[in-house]
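Only one structure is covered here, and it is reproduced in the block below.
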Amino acid sequence: MNASKPGAAATSEQKKGIPVGLIVSVVVLVVVLFMPLPESLPPAGHRMLAILSFAVVIWLTEAVSYEASAIMITTLIAFLIGTAPTVDDPSVLYGTSKGINMALSGFSNSALALVTGALFISVAMTVTGLDKRIALVTLSRIGTTTRRILIGSIAVTIVLSLVVPSATARSACVVPIMAGVIAAFGVDKRSNIAAGIMIVVANATSIWNVGIQTAAAQNLLTVGFMDKMLGARVTWLDWLIAGAPWAIIMSAILIVVVLKMLPPEADSIGGGKDAIEKSLRDLGPMTGPQKRLMAVSIGLLCLWATEGKLHPFDTTSVTYIGLVILMLPRIGVMDWKTLQSRIPWGTVIVFGVGISLGTALLTTKAGQWLGDMVAYHTGLASAGPFIAFAVLGAFLIVIHLGFASATALASAMLPIVISVLQSMSGDFNRLGVTMLLAFTVSFGFILPINAPQNMVCMATETFTPTQFARVGIVLTIIGYILMLVFALTWWRWLGLI
């Protein structure tokens, strides 16, 4: 009987057939390929637009995993661009060798190296338990009234955002701790208190993805596009100065909105502080690896914050100095065998292909052509930077509703957005506006599926999608309006817009 089960499972899988989303993606690819070729668009650029259309549809429909879609996109670039005439000399074909090099160009980008380094640090935090210790210590200092627990959830998120450069890893650390606090309170899992705590954890993570450059992969992808398309990038400190004030205000608004829309059943609950202190006692004193990792993390923070001010070393390079220390025999906190089994290598692949997609759009002139068309037909070509930010920011926020990954959204849309900014007339800070638009990519407040941290929190079954969406819609509207206010004041004073 047992021997027959695998065959039955295989038959069941075969009956499911090809995902509809994949079929639609291929149809869209073919339709765009056979559309009349505009004279101003090179054939290679035309084919890249078809590949971009394929990527957007397959990411929106989630017909296959992101890792599988990355391999498909790589293959399409290799063959469709490889058999296309070059932009510089139409009598010569690129060849599949150059096509595959273009498809893999993102893997030599420093932004990918920084994402990989960030994942290494996240693993180190998990292996040593330092992330859990930081979270528990922070919560123990805040208090255990309902309001203080919500504030504590945000405080933990902020602290971990500085030292754990992965939104998913942060939420995976905080959620079990907060679930333990909820259990210690003795409240119902479906209570407003429990729902409010988990919704705060999810949304605070998204909010501080805006405030801190190294907090999220989509931010680092933006830095990669800045390097490729604008020839410059924003430093870690400049990003913090621009984004943190917005994130601080939004954190306060988040607490007010959650308390208003999900009023807690009680203002004060006993048992939570004891549970947190017991968890800290169970951890015991700070271990040697934790102390060394803490020292390295603080050192990296100092080096990131002083880039271009006290030293000339970029964020990626100094991060790798930290990684060397963390992996040194006897001094470090982990070995390669431990590391390789815990790294989500699929994320690295998707990120690299995302950069390649943007670079290929630029190389084949597809991005510039599309940017010119968008700027011309929307009137943005002659608009000022504030109007461009308002329109493009709203567009990114709305289209995010269809994406389950901010990284995928950034991969597909930021090269186009940057091209639109380059097509606009007038002298303004295109690098600054690009960073501000990247802030809107982190608006995953409405649907649980819009961000991995949302799904991690929803898995606790403490809130419903409807509860999450009600809070998220209010946060999205307020957050967008607040960004417009910042664009007219703080960001304008900084010279970013």
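We name chains A, B, ... following the order of the structure tokens; residues begin at 1 in each chain, and ligands are numbered from 1 as shown.
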Spatial neighbours of range 184-201 of chain A, 8 Å, only C-alpha atoms, chain gap at least 5 places, as a ChimeraX atom specification: /A:146,149-150,153-154,157,171,174-175,178,254-255,258-259,262-265,269-272,275,454,457-458,461-463,468
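Non-sequential neighbours of Val26 in chain A (distance at most 9 Å, separation of 4 or more positions within a chain, only C-alpha atoms) are Gly21, Leu22, Val30, Val31, Phe54 and Ile58 of chain A.
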Contacts of Phe386 in chain A at 10 Å (only C-alpha atoms; same-chain gap of 6+ positions) as a ChimeraX atom specification: /A:392,433,484,487-488,492,497
Find the residues around Leu421 in chain A up to 12 Å (only C-alpha atoms counted), leave out those fewer than 5 positions away in its own chain, and share them as a PyMOL selection string. chain A and resi 229-230+367-368+370-376+380-389+391-392+414-416+426-435+437+497
Saved selection, atoms kept: N, CA and C atoms, as a JSON list (two decimals), in the first residue's frame:
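To be explicit, this is the file written out as out35.json:
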[["chain", "number", "residue", "atom", "x", "y", "z"],
["A", 229, "MET", "N", 22.04, 52.77, -12.97],
["A", 229, "MET", "CA", 21.30, 53.69, -13.84],
["A", 229, "MET", "C", 21.60, 55.16, -13.59],
["A", 230, "LEU", "N", 21.99, 55.48, -12.35],
["A", 230, "LEU", "CA", 22.25, 56.88, -12.02],
["A", 230, "LEU", "C", 23.71, 57.18, -11.72],
["A", 367, "GLY", "N", 14.27, 50.29, -21.18],
["A", 367, "GLY", "CA", 13.89, 51.11, -20.04],
["A", 367, "GLY", "C", 13.76, 52.57, -20.40],
["A", 368, "GLN", "N", 14.73, 53.07, -21.17],
["A", 368, "GLN", "CA", 14.69, 54.48, -21.58],
["A", 368, "GLN", "C", 13.48, 54.75, -22.46],
["A", 370, "LEU", "N", 10.62, 53.05, -22.62],
["A", 370, "LEU", "CA", 9.40, 52.95, -21.83],
["A", 370, "LEU", "C", 9.24, 54.17, -20.92],
["A", 371, "GLY", "N", 10.35, 54.62, -20.35],
["A", 371, "GLY", "CA", 10.32, 55.82, -19.52],
["A", 371, "GLY", "C", 9.88, 57.04, -20.30],
["A", 372, "ASP", "N", 10.39, 57.18, -21.52],
["A", 372, "ASP", "CA", 9.99, 58.30, -22.38],
["A", 372, "ASP", "C", 8.49, 58.25, -22.69],
["A", 373, "MET", "N", 7.98, 57.03, -23.00],
["A", 373, "MET", "CA", 6.58, 56.88, -23.32],
["A", 373, "MET", "C", 5.68, 57.22, -22.13],
["A", 374, "VAL", "N", 6.06, 56.70, -20.96],
["A", 374, "VAL", "CA", 5.27, 56.96, -19.75],
["A", 374, "VAL", "C", 5.29, 58.44, -19.42],
["A", 375, "ALA", "N", 6.48, 59.04, -19.47],
["A", 375, "ALA", "CA", 6.61, 60.47, -19.14],
["A", 375, "ALA", "C", 5.80, 61.33, -20.11],
["A", 376, "TYR", "N", 5.83, 60.97, -21.40],
["A", 376, "TYR", "CA", 5.14, 61.77, -22.42],
["A", 376, "TYR", "C", 3.62, 61.63, -22.29],
["A", 380, "LEU", "N", 4.17, 63.70, -17.29],
["A", 380, "LEU", "CA", 5.22, 63.86, -16.30],
["A", 380, "LEU", "C", 6.49, 64.45, -16.89],
["A", 381, "ALA", "N", 6.61, 64.40, -18.22],
["A", 381, "ALA", "CA", 7.83, 64.91, -18.87],
["A", 381, "ALA", "C", 8.09, 66.36, -18.50],
["A", 382, "SER", "N", 7.00, 67.14, -18.35],
["A", 382, "SER", "CA", 7.15, 68.56, -18.02],
["A", 382, "SER", "C", 6.73, 68.87, -16.59],
["A", 383, "ALA", "N", 6.41, 67.83, -15.81],
["A", 383, "ALA", "CA", 5.97, 68.04, -14.44],
["A", 383, "ALA", "C", 7.16, 68.27, -13.51],
["A", 384, "GLY", "N", 6.90, 68.82, -12.36],
["A", 384, "GLY", "CA", 7.94, 69.01, -11.37],
["A", 384, "GLY", "C", 8.18, 67.73, -10.58],
["A", 385, "PRO", "N", 9.26, 67.68, -9.80],
["A", 385, "PRO", "CA", 9.58, 66.46, -9.06],
["A", 385, "PRO", "C", 8.52, 66.08, -8.02],
["A", 386, "PHE", "N", 7.85, 67.07, -7.40],
["A", 386, "PHE", "CA", 6.83, 66.74, -6.40],
["A", 386, "PHE", "C", 5.65, 66.01, -7.05],
["A", 387, "ILE", "N", 5.18, 66.51, -8.19],
["A", 387, "ILE", "CA", 4.07, 65.85, -8.89],
["A", 387, "ILE", "C", 4.49, 64.45, -9.33],
["A", 388, "ALA", "N", 5.72, 64.33, -9.83],
["A", 388, "ALA", "CA", 6.21, 63.02, -10.26],
["A", 388, "ALA", "C", 6.24, 62.04, -9.08],
["A", 389, "PHE", "N", 6.70, 62.52, -7.93],
["A", 389, "PHE", "CA", 6.73, 61.66, -6.74],
["A", 389, "PHE", "C", 5.33, 61.26, -6.31],
["A", 391, "VAL", "N", 2.54, 61.07, -8.12],
["A", 391, "VAL", "CA", 1.89, 60.17, -9.09],
["A", 391, "VAL", "C", 2.54, 58.78, -9.08],
["A", 392, "LEU", "N", 3.86, 58.75, -9.19],
["A", 392, "LEU", "CA", 4.57, 57.47, -9.25],
["A", 392, "LEU", "C", 4.49, 56.74, -7.92],
["A", 414, "LEU", "N", 11.06, 49.55, -10.56],
["A", 414, "LEU", "CA", 12.00, 50.64, -10.29],
["A", 414, "LEU", "C", 12.83, 51.05, -11.51],
["A", 415, "PRO", "N", 13.29, 50.10, -12.36],
["A", 415, "PRO", "CA", 14.01, 50.55, -13.56],
["A", 415, "PRO", "C", 13.16, 51.46, -14.44],
["A", 416, "ILE", "N", 11.86, 51.15, -14.53],
["A", 416, "ILE", "CA", 10.96, 51.99, -15.33],
["A", 416, "ILE", "C", 10.79, 53.35, -14.68],
["A", 426, "GLY", "N", 14.12, 69.51, -16.62],
["A", 426, "GLY", "CA", 14.42, 70.25, -15.39],
["A", 426, "GLY", "C", 15.57, 69.65, -14.61],
["A", 427, "ASP", "N", 16.12, 70.45, -13.75],
["A", 427, "ASP", "CA", 17.25, 70.04, -12.93],
["A", 427, "ASP", "C", 16.77, 69.76, -11.51],
["A", 428, "PHE", "N", 16.68, 68.49, -11.15],
["A", 428, "PHE", "CA", 16.29, 68.13, -9.79],
["A", 428, "PHE", "C", 17.05, 66.89, -9.36],
["A", 429, "ASN", "N", 16.96, 66.56, -8.11],
["A", 429, "ASN", "CA", 17.73, 65.46, -7.53],
["A", 429, "ASN", "C", 17.07, 64.12, -7.86],
["A", 430, "ARG", "N", 17.44, 63.53, -8.99],
["A", 430, "ARG", "CA", 16.83, 62.26, -9.41],
["A", 430, "ARG", "C", 17.20, 61.12, -8.46],
["A", 431, "LEU", "N", 18.39, 61.18, -7.89],
["A", 431, "LEU", "CA", 18.81, 60.16, -6.91],
["A", 431, "LEU", "C", 17.93, 60.23, -5.67],
["A", 432, "GLY", "N", 17.66, 61.45, -5.21],
["A", 432, "GLY", "CA", 16.83, 61.62, -4.03],
["A", 432, "GLY", "C", 15.40, 61.17, -4.26],
["A", 433, "VAL", "N", 14.83, 61.52, -5.41],
["A", 433, "VAL", "CA", 13.45, 61.13, -5.70],
["A", 433, "VAL", "C", 13.36, 59.61, -5.86],
["A", 434, "THR", "N", 14.39, 58.99, -6.42],
["A", 434, "THR", "CA", 14.41, 57.53, -6.53],
["A", 434, "THR", "C", 14.34, 56.89, -5.15],
["A", 435, "MET", "N", 15.11, 57.42, -4.19],
["A", 435, "MET", "CA", 15.05, 56.89, -2.83],
["A", 435, "MET", "C", 13.66, 57.06, -2.23],
["A", 437, "LEU", "N", 10.80, 57.26, -3.76],
["A", 437, "LEU", "CA", 9.88, 56.32, -4.40],
["A", 437, "LEU", "C", 10.12, 54.89, -3.90],
["A", 497, "ILE", "N", 14.15, 66.64, -3.13],
["A", 497, "ILE", "CA", 13.06, 66.76, -4.09],
["A", 497, "ILE", "C", 12.91, 68.22, -4.52]]
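Nearest-residue note for Val159 in chain A: choosing from A:Ala63, A:Ser297, A:Ile73, A:Gly45, the minimum distance belongs to A:Ser297, counting only C-alpha atoms.
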Can you work out which one of A:Leu361, A:Ala55, A:Ile100, A:Ala124 has the shortest atom-to-atom distance to Lys291 in chain A, counting only C-alpha atoms? A:Ala124
Straight-line distance linking CA of Asn203 in chain A with CA of Val417 in chain A, stated in Å to one decimal: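 According to the coordinates, CA of Asn203 in chain A and CA of Val417 in chain A are separated by 25.1 Å.
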Which one of A:Arg148, A:Lys273, A:Lys309, A:Arg170 sits closest to Asp238 in chain A if you count only C-alpha atoms? A:Lys309
So that I can see what lies close to Val324 in chain A, please list as a list in words the residues with an atom at most 12 Å from it, counting only C-alpha atoms and leaving out residues fewer than 4 positions away in the same chain.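 Residues near the query, excluding close chain neighbours: Gly117, Phe120, Ile121, Leu293, Val296, Ser317, Val318, Thr319, Tyr320, Leu328, Pro329, Ile331, Gly332, Val333, Met334, Asp335 and Trp336 of chain A.
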Tell me, as a list in words, which residues lie within 6 Å of Tyr94 in chain A, counting only C-alpha atoms; anything in the same chain fewer than 4 positions away does not count. Gly82, Thr86 and Lys98 of chain A
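Between CA of Thr116 in chain A and CA of Pro165 in chain A lies a distance of 10.0 Å.
Using only C-alpha atoms, the nearest neighbour of Leu119 in chain A within the list A:Pro344, A:Gly472, A:Gly393, A:Gly358 is A:Pro344.
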